[in-house]
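K.L.:
Dropping the structure in here first, questions after.
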Amino acid sequence: MADPRITYFCMEFGLDESFPIYAGGLGVLAGDFVKSAHDLGRPVVAVGLRWARGYARQRIGEDGLPKSEFPEYTADFLEDTGVRVRVRIAAREVEARVWHTARWGNAPLYLLEPIAKEDAWITRRLYEPTLECRVAQEILLGVGGVRALRKLGFDVDTYHFNEGHAVFAGVEMIAERMAAGAEFTAAWQAVRESIVFTTHTPIPAGNEVHPLGELRRLGACCDLVDWEMRQLGGDPFNMTVAGLRLSRRANAVSKLHGEVSRAMWKDVQGASEIVAITNGVHVPTWQDPKMREASGSATGLWQTHQVLKSELLAAIAERTGVKLEADVCTIGFARRAAGYKRSDLIFHDPARIEALLTSGKLQLVFAGKAHPDDVEGARIVANLVAMARRWPTAVVFVPDYDMRLARLLTRGADVWLNNPIRPMEASGTSGMKAALNGVLNLSVLDGWWPEACEHGKNGWAFGDGAIDPAERDRSDAEALYAVLENEVLPTYADRQRWTPMMQASIASVQQRFSSDRMVEEYFARLYAR
């Protein structure tokens with residue numbers, strides 16, 4: 001039997017730092033997916049938007065707060081397909097061109113972009129905060145994406161909505177069937193047989209809700225009446241609920257996230273089954289070839305790691321002027337600045353961490369962007385910068401986090417720290433990238449880590465999952481300090497114990513947590529009928 005033909009919709013794609021149409025983990029995951037789909041020869045095409053300015057670049061001001069800029073970039077490698085589509089946004093018919101690229105060894109990626117200057121606001125930058133702009137972007141992705149695929153001549157078996165941003169594609173397909181004479185319920189049931197859906201986060205900001213009246217005003221309803229739209233997503237209209245009701249099957253992105261998602265959405269009538277398919281990372285993109293070659297030899301592995309560490313430290317010195325020591329255990333922490341990720345948890349007890357930092361046994365490297373409109377994220381970054389200024393020889397914050405810096409950090413750090421509030425980290429693929437390069441994870445048992453962790457063998461876990469908010473940070477910080485002082489640092493001082501753990505780390509993720517495995521599992525468990 002031939003493979004089903006898949007179209008993969010996503011608002012962002014992280015293919016390379018030179019093409020900044022991604023904000024973070026969702027986009028990088030999408031980029032890894034389309035690279036593996038190509039590598040495996042799977043029949044996948046992807047649909048997204050061509051952002052004029054992409055996501056923010058950030059520098060740190062004198063006040064320690066991140067300052068966001070949105071520079072334009074060149075993308076002269078994009079090929080104009082010649083296809084043009086029209087979508088209605090409010091009272092205006094917006095015409096968009098369809099670009100194509102497979103530049104980074106990825107499955108064909110088609111990107112929509114408005115043609116008229118009057119419509120350029122729609123794709124000016126990724127994740128604009130205003131409701132009108134967000135909905136316009138989602139209409140262009142979903143409705144425009146379906147129409148583009150029709151004009152491109154693709155015979156689609158399954159539409160994969162990677163997050164709720166694309167659900168208006170399902171609304172458009174229902175409207176098409178109703179225009180041909182089908183009644184609503186029959187059209188809906190027929191359409192959901194061709195859709196699958198991935199939910200990525202239990203965080204409210206990742207599960208958008210829009211007033212139904214505004215969706216109608218902006219043209220997102222595609223001629224469906226209010227009662228019909230309420231059947232899909234309620235009023236206000238929940239994009240994740242609509243994704244679950246529009247799909248024949250859905251997936252969460254780790255086993256634990258599957259449990260959380262099924263509990264979170266259990267009261268949604270008519271929701272699709274949610275299976276757990278753990279995320280993976282594209283090994284050729286994220287594992288340094290030298291590390292792959294050296295992993296069989298403990299001596300060669302350590303020597304290669306030291307080379308990669310020196311590359312990281314040189315990049316840090318170039319970007320910040322801070323010169324860290326090559327023989328000191330270096331912890332890396334790099335991810336989006338969001339409250340639940342607790343980027344600054346390690347500073348919970350200043351006296352406890354100061355003793356380690358001033359002993360010459362430990363140094364900390366932080367990176368990550370705050371959303372340009374997120375006050376709490378900006379506060380988190382400012383606090384990390386303040387800690388770096390307090391201990392300038394042992395703590396550094398590296399600004400303007402991107403895929404290049406992510407590669408350096410996940411290859412050159414000694415330890416990868418992750419301490420979200422459990423169970424809010426749906427997956428956490430940065431830890432997989434680090435593990436591929438022999439960087440040992442030190443993490444709360446959240447996301448993917450409960451599936452991979454062998455404490456003391458391929459990394460370490462800490463924290464008891466305390467649910468009392470008043471005790472959680474103190475309890476997890478105490479657990480972090482205990483494991484760091486009693487297990488991590490003594491092991492780092494003993495190369496005979498450390499390098500076998502590096503080898504175990506690489507072995508534990510190379511197959512089980514690759515995006516190749518993820519793609520194969522999608523075809524076997526999500527796309528199969």
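Labels used: A, B, ... for chains in the order of the structure tokens, numbers from 1 for residues in each chain, and numbers from 1 for ligands as shown.
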Might you pull out every residue within 12 Å of Glu93 (chain A), with only C-alpha atoms counted and same-chain residues fewer than 3 positions away left off, and present them as a list in words?

P.N.:
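The neighbour list is Val85, Arg86, Val87, Arg88, Ile89, Ala90, Ala96, Pro114, Ile115, Ala116, Glu118, Asp119, Ala136, Ile139, Leu140, Gly144, Leu218 and Gly219 of chain A.
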
K.L.:
Using 12 Å as the limit and counting only C-alpha atoms, can you tabulate each residue of region 146-205 of chain A that touches region 101-111 of chain A, with its shortest atom-to-atom distance in Å and the two atoms involved, as JSON lines?

P.N.:
{"residue": "A:Val146", "atom": "CA", "partner": "A:Tyr110", "partner_atom": "CA", "distance": 11.3}
{"residue": "A:Ala148", "atom": "CA", "partner": "A:Tyr110", "partner_atom": "CA", "distance": 8.7}
{"residue": "A:Leu149", "atom": "CA", "partner": "A:Tyr110", "partner_atom": "CA", "distance": 9.0}
{"residue": "A:Leu152", "atom": "CA", "partner": "A:Tyr110", "partner_atom": "CA", "distance": 9.9}
{"residue": "A:Phe154", "atom": "CA", "partner": "A:Pro108", "partner_atom": "CA", "distance": 11.8}

K.L.:
Have a look at A:His100, A:Arg124, A:Arg177, A:Lys361 and name the one nearest to Pro71 (chain A); count only C-alpha atoms.

P.N.:
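When distances to Pro71 (chain A) are compared using only C-alpha atoms, the smallest one comes from A:Arg124.
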
K.L.:
What parts of region 105-301 of chain A does DSSP call helix (DSSP H, G or I)? I'd like the answer as a ChimeraX atom specification.

P.N.:
/A:117-123,131-152,164-166,168-179,184-192,204-206,212-218,226-233,239-246,255-264,283-286,289-294,298-301

K.L.:
With 12 Å as the cut-off and only C-alpha atoms counted, what is the closest atom pair between each nearby residue of region 165-188 of chain A and region 198-203 of chain A? Distances in Å to one decimal, ordered by chain and number, as JSON lines.

P.N.:
{"residue": "A:His165", "atom": "CA", "partner": "A:Thr199", "partner_atom": "CA", "distance": 10.6}
{"residue": "A:Ala166", "atom": "CA", "partner": "A:Thr198", "partner_atom": "CA", "distance": 10.8}
{"residue": "A:Val167", "atom": "CA", "partner": "A:Thr198", "partner_atom": "CA", "distance": 11.2}

K.L.:
At a cut-off of 12 Å, using only C-alpha atoms, what residues contact Val268 (chain A)? Leave out same-chain residues fewer than 6 positions from it and give the result as a ChimeraX atom specification.

P.N.:
/A:231-234,238,240-245,261-262,274

K.L.:
Leaving out Asn418 (chain A) and any residue of its chain fewer than 6 positions from it, which residues lie within 10 Å of it when counting only C-alpha atoms, given as a ChimeraX atom specification?

P.N.:
/A:332-335,341-343,345,425,428,430-431,441-446,449,461-462

K.L.:
May I have the selected residues written with all heavy atoms, as a compact mmCIF listing (two decimals), in the first residue's frame?

P.N.:
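Output saved as part-v9.txt:
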# COMPACT_ATOMS: atom_id res chain seq x y z
N GLY A 332 24.77 24.75 30.77
CA GLY A 332 24.06 25.55 29.78
C GLY A 332 22.56 25.53 30.04
O GLY A 332 22.00 24.49 30.42
N PHE A 333 21.93 26.68 29.86
CA PHE A 333 20.48 26.80 29.99
C PHE A 333 20.02 27.76 28.91
O PHE A 333 20.33 28.96 28.97
CB PHE A 333 20.08 27.33 31.37
CG PHE A 333 18.59 27.34 31.63
CD1 PHE A 333 18.03 26.43 32.50
CD2 PHE A 333 17.76 28.26 31.00
CE1 PHE A 333 16.65 26.43 32.74
CE2 PHE A 333 16.39 28.26 31.23
CZ PHE A 333 15.84 27.36 32.10
N ALA A 334 19.32 27.26 27.90
CA ALA A 334 18.92 28.12 26.78
C ALA A 334 17.54 27.72 26.31
O ALA A 334 17.34 26.62 25.80
CB ALA A 334 19.92 28.02 25.63
N ARG A 335 16.59 28.60 26.49
CA ARG A 335 15.22 28.39 26.04
C ARG A 335 14.45 29.69 26.18
O ARG A 335 14.94 30.66 26.76
CB ARG A 335 14.53 27.26 26.82
CG ARG A 335 14.74 27.34 28.31
CD ARG A 335 14.26 26.08 29.02
NE ARG A 335 14.80 24.84 28.53
CZ ARG A 335 15.98 24.34 28.91
NH1 ARG A 335 16.77 25.00 29.73
NH2 ARG A 335 16.39 23.18 28.44
N LYS A 341 9.18 28.04 32.83
CA LYS A 341 10.48 27.41 32.59
C LYS A 341 11.49 27.73 33.70
O LYS A 341 12.53 27.08 33.79
CB LYS A 341 11.02 27.84 31.24
CG LYS A 341 10.18 27.32 30.06
CD LYS A 341 10.73 27.78 28.72
CE LYS A 341 9.86 27.32 27.56
NZ LYS A 341 10.03 25.90 27.23
N ARG A 342 11.21 28.74 34.52
CA ARG A 342 12.01 29.08 35.71
C ARG A 342 13.51 29.18 35.39
O ARG A 342 14.34 28.53 36.03
CB ARG A 342 11.75 28.06 36.82
CG ARG A 342 10.31 28.01 37.28
CD ARG A 342 10.13 27.15 38.51
NE ARG A 342 10.46 25.74 38.26
CZ ARG A 342 10.34 24.77 39.16
NH1 ARG A 342 9.89 25.04 40.37
NH2 ARG A 342 10.67 23.53 38.87
N SER A 343 13.83 30.02 34.45
CA SER A 343 15.23 30.15 34.01
C SER A 343 16.17 30.48 35.16
O SER A 343 17.34 30.09 35.14
CB SER A 343 15.33 31.25 32.95
OG SER A 343 14.46 31.02 31.88
N LEU A 345 15.86 29.65 38.45
CA LEU A 345 15.65 28.84 39.65
C LEU A 345 16.95 28.57 40.39
O LEU A 345 16.98 28.53 41.63
CB LEU A 345 14.98 27.52 39.28
CG LEU A 345 14.69 26.58 40.47
CD1 LEU A 345 13.57 27.15 41.34
CD2 LEU A 345 14.31 25.18 39.97
N GLU A 425 6.20 21.39 30.75
CA GLU A 425 7.12 21.26 29.61
C GLU A 425 6.65 20.08 28.78
O GLU A 425 6.86 18.93 29.16
CB GLU A 425 8.54 21.03 30.10
CG GLU A 425 9.57 20.95 29.00
CD GLU A 425 9.98 22.32 28.49
OE1 GLU A 425 9.24 22.88 27.66
OE2 GLU A 425 11.00 22.83 28.93
N GLY A 428 10.52 19.44 25.26
CA GLY A 428 11.85 19.91 25.64
C GLY A 428 12.95 19.35 24.78
O GLY A 428 13.86 18.66 25.26
N SER A 430 15.51 20.67 23.34
CA SER A 430 16.91 21.13 23.50
C SER A 430 17.72 20.10 24.27
O SER A 430 18.90 19.91 24.00
CB SER A 430 16.96 22.49 24.19
OG SER A 430 16.52 22.40 25.54
N GLY A 431 17.08 19.43 25.24
CA GLY A 431 17.80 18.40 25.99
C GLY A 431 18.20 17.22 25.13
O GLY A 431 19.25 16.60 25.35
N ASN A 441 22.23 15.71 30.73
CA ASN A 441 21.04 16.42 31.19
C ASN A 441 20.91 16.37 32.70
O ASN A 441 21.09 15.32 33.33
CB ASN A 441 19.79 15.82 30.55
CG ASN A 441 19.51 16.36 29.17
OD1 ASN A 441 18.77 17.32 29.01
ND2 ASN A 441 20.12 15.75 28.16
N LEU A 442 20.59 17.51 33.28
CA LEU A 442 20.25 17.66 34.69
C LEU A 442 18.88 18.32 34.69
O LEU A 442 18.75 19.52 34.46
CB LEU A 442 21.29 18.53 35.40
CG LEU A 442 21.00 18.98 36.84
CD1 LEU A 442 20.83 17.77 37.77
CD2 LEU A 442 22.10 19.91 37.34
N SER A 443 17.83 17.52 34.92
CA SER A 443 16.49 18.01 34.58
C SER A 443 15.42 17.49 35.52
O SER A 443 15.50 16.37 36.03
CB SER A 443 16.14 17.61 33.14
OG SER A 443 14.83 17.99 32.81
N VAL A 444 14.42 18.33 35.72
CA VAL A 444 13.17 17.89 36.30
C VAL A 444 12.58 16.80 35.41
O VAL A 444 12.76 16.82 34.19
CB VAL A 444 12.20 19.10 36.40
CG1 VAL A 444 10.78 18.66 36.68
CG2 VAL A 444 12.68 20.08 37.46
N LEU A 445 11.89 15.85 36.02
CA LEU A 445 11.29 14.76 35.24
C LEU A 445 10.01 15.26 34.56
O LEU A 445 8.89 14.97 34.98
CB LEU A 445 10.99 13.56 36.13
CG LEU A 445 12.21 12.71 36.49
CD1 LEU A 445 11.86 11.70 37.57
CD2 LEU A 445 12.78 12.00 35.26
N ASP A 446 10.22 16.00 33.48
CA ASP A 446 9.12 16.55 32.72
C ASP A 446 9.41 16.36 31.23
O ASP A 446 10.56 16.13 30.83
CB ASP A 446 8.95 18.04 33.04
CG ASP A 446 7.57 18.57 32.68
OD1 ASP A 446 6.71 17.77 32.29
OD2 ASP A 446 7.36 19.80 32.79
N TRP A 449 12.11 13.75 29.33
CA TRP A 449 13.13 13.20 30.21
C TRP A 449 12.67 11.98 31.03
O TRP A 449 13.47 11.06 31.26
CB TRP A 449 13.67 14.30 31.12
CG TRP A 449 14.93 13.99 31.86
CD1 TRP A 449 15.18 14.20 33.19
CD2 TRP A 449 16.17 13.43 31.36
NE1 TRP A 449 16.45 13.81 33.53
CE2 TRP A 449 17.08 13.33 32.42
CE3 TRP A 449 16.57 12.99 30.10
CZ2 TRP A 449 18.37 12.82 32.28
CZ3 TRP A 449 17.86 12.48 29.93
CH2 TRP A 449 18.74 12.40 31.02
N ALA A 461 18.18 13.38 37.36
CA ALA A 461 16.87 14.01 37.58
C ALA A 461 16.87 14.63 38.98
O ALA A 461 17.60 14.21 39.87
CB ALA A 461 15.76 12.97 37.47
N PHE A 462 16.02 15.63 39.16
CA PHE A 462 15.86 16.22 40.48
C PHE A 462 14.45 16.76 40.62
O PHE A 462 13.75 16.99 39.63
CB PHE A 462 16.89 17.33 40.74
CG PHE A 462 16.71 18.56 39.88
CD1 PHE A 462 15.92 19.62 40.32
CD2 PHE A 462 17.31 18.65 38.64
CE1 PHE A 462 15.74 20.74 39.53
CE2 PHE A 462 17.15 19.78 37.84
CZ PHE A 462 16.36 20.83 38.29

K.L.:
Given only C-alpha atoms as the basis, pick out the residue of A:Ile21, A:Val519, A:Ala315, A:Ala46 nearest to Thr74 (chain A).

P.N.:
A:Ile21
